[in-house]
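Pasted below: coords-v6.txt, compact mmCIF, C-alpha atoms.
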# COMPACT_ATOMS: atom_id res chain seq x y z
CA MET A 66 -43.14 39.16 -30.07
CA PRO A 67 -44.49 38.49 -26.56
CA ARG A 68 -43.47 40.80 -23.79
CA ALA A 69 -40.98 39.68 -21.18
CA ARG A 70 -42.33 37.63 -18.30
CA THR A 71 -42.10 39.57 -15.05
CA GLY A 72 -44.53 37.94 -12.64
CA THR A 73 -46.32 39.61 -9.76
CA LEU A 74 -45.49 39.67 -6.06
CA VAL A 75 -48.46 38.83 -3.84
CA PRO A 76 -48.29 40.26 -0.30
CA PRO A 77 -47.99 37.84 2.62
CA GLY A 78 -51.06 36.03 3.83
CA ALA A 79 -51.78 34.59 7.26
CA ASP A 80 -48.53 32.57 7.24
CA GLY A 81 -46.44 35.69 6.51
CA PHE A 82 -44.76 34.32 3.35
CA TRP A 83 -44.59 36.26 0.09
CA ARG A 84 -45.97 34.57 -3.01
CA ALA A 85 -45.60 35.12 -6.74
CA ARG A 86 -47.94 34.77 -9.69
CA VAL A 87 -46.28 33.84 -12.96
CA THR A 88 -48.03 33.09 -16.23
CA LYS A 89 -47.80 29.42 -17.16
CA ASP A 90 -48.52 28.21 -20.70
CA LYS A 91 -50.46 24.96 -20.86
CA PRO A 92 -49.97 22.39 -23.65
CA ASP A 93 -53.45 23.14 -25.04
CA GLY A 94 -52.50 26.82 -25.59
CA THR A 95 -54.30 28.31 -22.60
CA LYS A 96 -52.58 30.26 -19.87
CA THR A 97 -52.89 30.13 -16.10
CA ARG A 98 -51.42 32.23 -13.33
CA PRO A 99 -50.85 29.88 -10.38
CA LEU A 100 -49.59 31.11 -7.04
CA TYR A 101 -46.10 29.98 -5.93
CA SER A 102 -44.73 30.43 -2.41
CA LEU A 103 -41.36 32.20 -2.25
CA GLY A 104 -40.60 30.95 1.27
CA THR A 105 -39.62 34.32 2.72
CA THR A 106 -41.18 37.05 4.83
CA ASP A 107 -38.80 39.75 3.54
CA MET A 108 -39.92 41.81 0.53
CA ALA A 109 -36.39 42.43 -0.79
CA ILE A 110 -35.60 38.72 -0.77
CA ALA A 111 -39.00 38.01 -2.36
CA ARG A 112 -38.13 40.38 -5.24
CA ARG A 113 -34.80 38.61 -5.82
CA LYS A 114 -36.51 35.22 -5.72
CA LEU A 115 -39.16 36.39 -8.20
CA ALA A 116 -36.43 37.59 -10.58
CA ARG A 117 -34.69 34.20 -10.22
CA LEU A 118 -37.99 32.38 -10.81
CA ASN A 119 -38.53 34.36 -14.02
CA ALA A 120 -34.98 33.66 -15.19
CA LEU A 121 -35.41 29.92 -14.62
CA ILE A 122 -38.73 29.88 -16.47
CA MET A 123 -37.25 31.86 -19.39
CA ALA A 124 -34.41 29.30 -19.51
CA GLY A 125 -36.98 26.59 -20.20
CA ARG A 126 -37.57 25.15 -16.73
CA ASP A 127 -41.03 24.01 -15.69
CA PRO A 128 -42.58 26.74 -13.47
CA HIS A 129 -43.42 24.26 -10.71
CA ASP A 130 -39.83 22.91 -10.57
CA ALA A 131 -38.44 26.44 -10.76
CA ALA A 132 -40.67 27.54 -7.87
CA ILE A 133 -39.43 24.65 -5.73
CA GLU A 134 -35.81 25.61 -6.46
CA VAL A 135 -36.46 29.30 -5.77
CA GLY A 136 -38.29 28.48 -2.52
CA THR A 137 -35.14 26.96 -1.05
CA ALA A 138 -32.71 29.00 1.02
CA GLU A 139 -30.78 31.71 -0.82
CA ARG A 140 -27.30 30.73 -1.99
CA VAL A 141 -24.21 32.74 -1.03
CA LYS A 142 -23.43 33.48 -4.69
CA ASP A 143 -26.92 34.90 -5.37
CA TYR A 144 -26.92 37.02 -2.22
CA ALA A 145 -23.41 38.28 -2.98
CA GLU A 146 -24.47 39.36 -6.49
CA ALA A 147 -27.42 41.34 -5.13
CA TRP A 148 -25.26 42.81 -2.35
CA HIS A 149 -22.59 43.91 -4.83
CA ALA A 150 -25.19 45.45 -7.13
CA ARG A 151 -26.54 47.52 -4.20
CA ARG A 152 -23.04 48.63 -3.16
CA GLU A 153 -22.10 49.63 -6.71
CA ALA A 154 -25.40 51.53 -7.08
CA GLN A 155 -24.56 53.38 -3.85
CA GLY A 156 -21.25 54.43 -5.43
CA ILE A 157 -18.99 52.65 -2.95
CA ALA A 158 -15.52 52.88 -4.47
CA MET A 159 -14.18 49.59 -3.14
CA ALA A 160 -17.12 47.49 -4.44
CA PRO A 161 -15.25 46.23 -7.55
CA TYR A 162 -12.31 45.14 -5.38
CA GLU A 163 -14.67 43.37 -2.99
CA ARG A 164 -16.30 41.56 -5.92
CA ALA A 165 -12.89 40.47 -7.23
CA ASN A 166 -11.71 39.24 -3.80
CA LEU A 167 -14.89 37.23 -3.26
CA LYS A 168 -14.80 35.74 -6.74
CA ARG A 169 -11.10 34.92 -6.60
CA HIS A 170 -10.93 33.48 -3.09
CA ALA A 171 -14.33 32.61 -1.58
CA LEU A 172 -17.15 31.88 -4.01
CA ASP A 173 -15.63 28.64 -5.29
CA ALA A 174 -15.68 27.28 -1.75
CA ILE A 175 -19.02 28.59 -0.42
CA GLY A 176 -20.89 30.05 -3.41
CA ALA A 177 -23.23 27.07 -3.81
CA LEU A 178 -24.03 26.79 -0.09
CA PRO A 179 -27.23 28.23 1.35
CA LEU A 180 -26.40 31.46 3.16
CA CYS A 181 -27.61 30.08 6.49
CA ASP A 182 -25.38 26.98 6.24
CA VAL A 183 -22.02 28.79 6.16
CA THR A 184 -20.11 28.16 9.38
CA PRO A 185 -16.99 29.68 10.94
CA SER A 186 -15.06 26.57 9.85
CA HIS A 187 -15.89 27.35 6.20
CA VAL A 188 -14.60 30.90 6.66
CA ARG A 189 -11.50 29.66 8.50
CA GLY A 190 -10.80 27.26 5.62
CA ILE A 191 -11.07 30.07 3.06
CA LEU A 192 -8.68 32.29 5.02
CA ASP A 193 -6.23 29.40 5.51
CA ASP A 194 -6.31 28.71 1.75
CA VAL A 195 -5.59 32.37 0.97
CA ALA A 196 -2.69 32.38 3.44
CA ALA A 197 -1.37 29.09 2.01
CA LYS A 198 -1.17 30.70 -1.44
CA GLY A 199 1.60 32.88 -0.05
CA LEU A 200 -0.37 36.11 -0.26
CA LYS A 201 0.35 38.94 2.13
CA ARG A 202 -1.42 39.41 5.43
CA ALA A 203 -3.18 42.51 4.09
CA THR A 204 -4.81 40.41 1.34
CA VAL A 205 -6.01 37.84 3.88
CA GLU A 206 -7.42 40.70 5.99
CA GLN A 207 -9.19 42.14 2.92
CA VAL A 208 -10.80 38.78 2.13
CA ARG A 209 -11.94 38.45 5.75
CA GLY A 210 -13.22 42.02 5.66
CA VAL A 211 -15.36 41.54 2.55
CA LEU A 212 -16.76 38.27 3.93
CA HIS A 213 -17.56 40.03 7.20
CA ARG A 214 -19.36 42.89 5.42
CA LEU A 215 -21.33 40.47 3.22
CA PHE A 216 -22.51 38.29 6.11
CA ASP A 217 -23.08 41.33 8.34
CA ALA A 218 -25.47 42.72 5.71
CA ALA A 219 -27.27 39.36 5.62
CA TRP A 220 -27.47 39.33 9.42
CA ARG A 221 -28.77 42.91 9.59
CA SER A 222 -31.47 42.11 7.02
CA GLU A 223 -32.38 39.05 9.14
CA VAL A 224 -31.56 36.49 6.46
CA ILE A 225 -29.18 34.64 8.81
CA GLU A 226 -29.15 34.34 12.60
CA ALA A 227 -25.46 35.10 13.18
CA ASN A 228 -22.45 36.32 11.25
CA PRO A 229 -20.09 33.32 10.87
CA VAL A 230 -17.12 35.59 10.13
CA ALA A 231 -17.37 37.43 13.45
CA ARG A 232 -15.92 34.41 15.28
CA VAL A 233 -12.95 33.98 12.94
CA ARG A 234 -9.66 35.84 13.17
CA VAL A 235 -7.00 36.18 10.51
CA PRO A 236 -4.74 33.13 10.80
CA PRO A 237 -1.27 33.71 12.22
CA MET A 238 1.16 34.34 9.41
CA ARG A 239 4.88 34.65 9.27
CA GLU A 240 5.86 37.68 7.29
CA VAL A 241 9.39 38.23 6.14
CA ARG A 242 10.50 41.65 7.23
CA LYS A 243 13.39 43.00 5.24
CA GLU A 244 16.04 44.93 7.01
CA ARG A 245 15.95 48.60 6.19
CA VAL A 246 18.71 49.65 3.84
CA ILE A 247 19.91 53.23 3.65
CA LEU A 248 21.30 54.09 0.29
CA SER A 249 24.16 56.51 -0.06
CA ASP A 250 25.33 58.57 -3.02
CA ASP A 251 28.62 56.65 -3.23

Please rewrite the model in this file as structure tokens.
Amino acid sequence: MPRARTGTLVPPGADGFWRARVTKDKPDGTKTRPLYSLGTTDMAIARRKLARLNALIMAGRDPHDAAIEVGTAERVKDYAEAWHARREAQGIAMAPYERANLKRHALDAIGALPLCDVTPSHVRGILDDVAAKGLKRATVEQVRGVLHRLFDAAWRSEVIEANPVARVRVPPMREVRKERVILSDD
């Protein structure tokens, strides 16, 4: 049984981009190890892209086509998975709740978008949808909070230029406040 394909990260050259070498099987039975650009200057992103490249190749994709797909901008869903894995490894107690809130309310809307293409209007639409479902203001604030933390991490690691959530506030909501009732023993 052949060993699992892992590939090798090649440090940046003159252009500053990380590259990967992955073994490619030719139809005549020989093997080559061509160099594929990962389109990033960040080592952590390069590692994630190499893992995605290997997964695509193991799924039967042509290495050249897989490298083109991996070289494109990172998707929100992929970045969120890596971000959640880091937070859970750090032992952050609210990480499972953050994952659930993102999956339930946000990833359907923006998961397939490149991380750099998410705009405040996307975020505003997500928060408006959550509010329209009739959920409480605290839930809407939690969804905004997890989106803010996710995009803040991307901004701090210089994957995006600005945090699109920073310019969005929780939409105004009308909450029904029940009158306080004091019970008696009668």

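Nearest to Ala231 in chain A of all the residues A:Pro128, A:Gly78, A:Pro185, A:Gly156 is A:Pro185, based on only C-alpha atoms.
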
Contacts of range 105-121 of chain A at 9 Å (only C-alpha atoms; same-chain gap of 4+ positions) as a count of residues only: 31

Spatial neighbours of Gly210 in chain A, max dist 10 Å, all atoms listed in the file, sep filter under 3 positions, as a ChimeraX atom specification: /A:163,166,204-207,213-215,230-231,235

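Using all atoms listed in the file, the shortest contact distance between Arg152 in chain A and any of A:Ile191, A:Gly199, A:Ile175, A:Val211 is found at A:Val211.
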
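If you measure from each of A:Leu200, A:Leu180, A:His149, A:Arg221 to Glu240 in chain A using all atoms listed in the file, the closest one turns out to be A:Leu200.
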
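Remark: for Tyr101 in chain A, the closest of the candidate residues A:Arg242, A:Ile122, A:Leu212, A:Val75 is A:Val75 (distances computed over only C-alpha atoms).
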
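Among the candidates A:Val246, A:Leu100, A:Val208, A:Ala150, the residue lying nearest to Tyr162 in chain A is A:Val208 (atoms considered: all atoms listed in the file).
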
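Considering the residues A:Ile225, A:Val233, A:Ala203, A:Met238 and counting only C-alpha atoms, Cys181 in chain A has its shortest atom-to-atom contact with A:Ile225.
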
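Note that the spacing between CA of Gly176 in chain A and CA of Arg140 in chain A amounts to 6.6 Å.
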
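One finds CA of Asp217 in chain A at 23.0 Å from CA of Leu103 in chain A.
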
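Here CA of Thr184 in chain A and CA of Pro229 in chain A stand 5.4 Å from one another.
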
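Residues in contact with Trp148 in chain A at 10 Å, where all atoms listed in the file are counted and same-chain residues fewer than 5 positions away are skipped, are listed as Lys142, Asp143, Glu153, Ala154, Ala160, Arg164, Arg214, Leu215, Phe216, Ala218 and Ala219 of chain A.
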
Exercise: Arg239 in chain A partners within 10 Å, all atoms listed in the file, chain neighbours under 4 positions left out, as a PyMOL selection string: chain A and resi 196+201-202
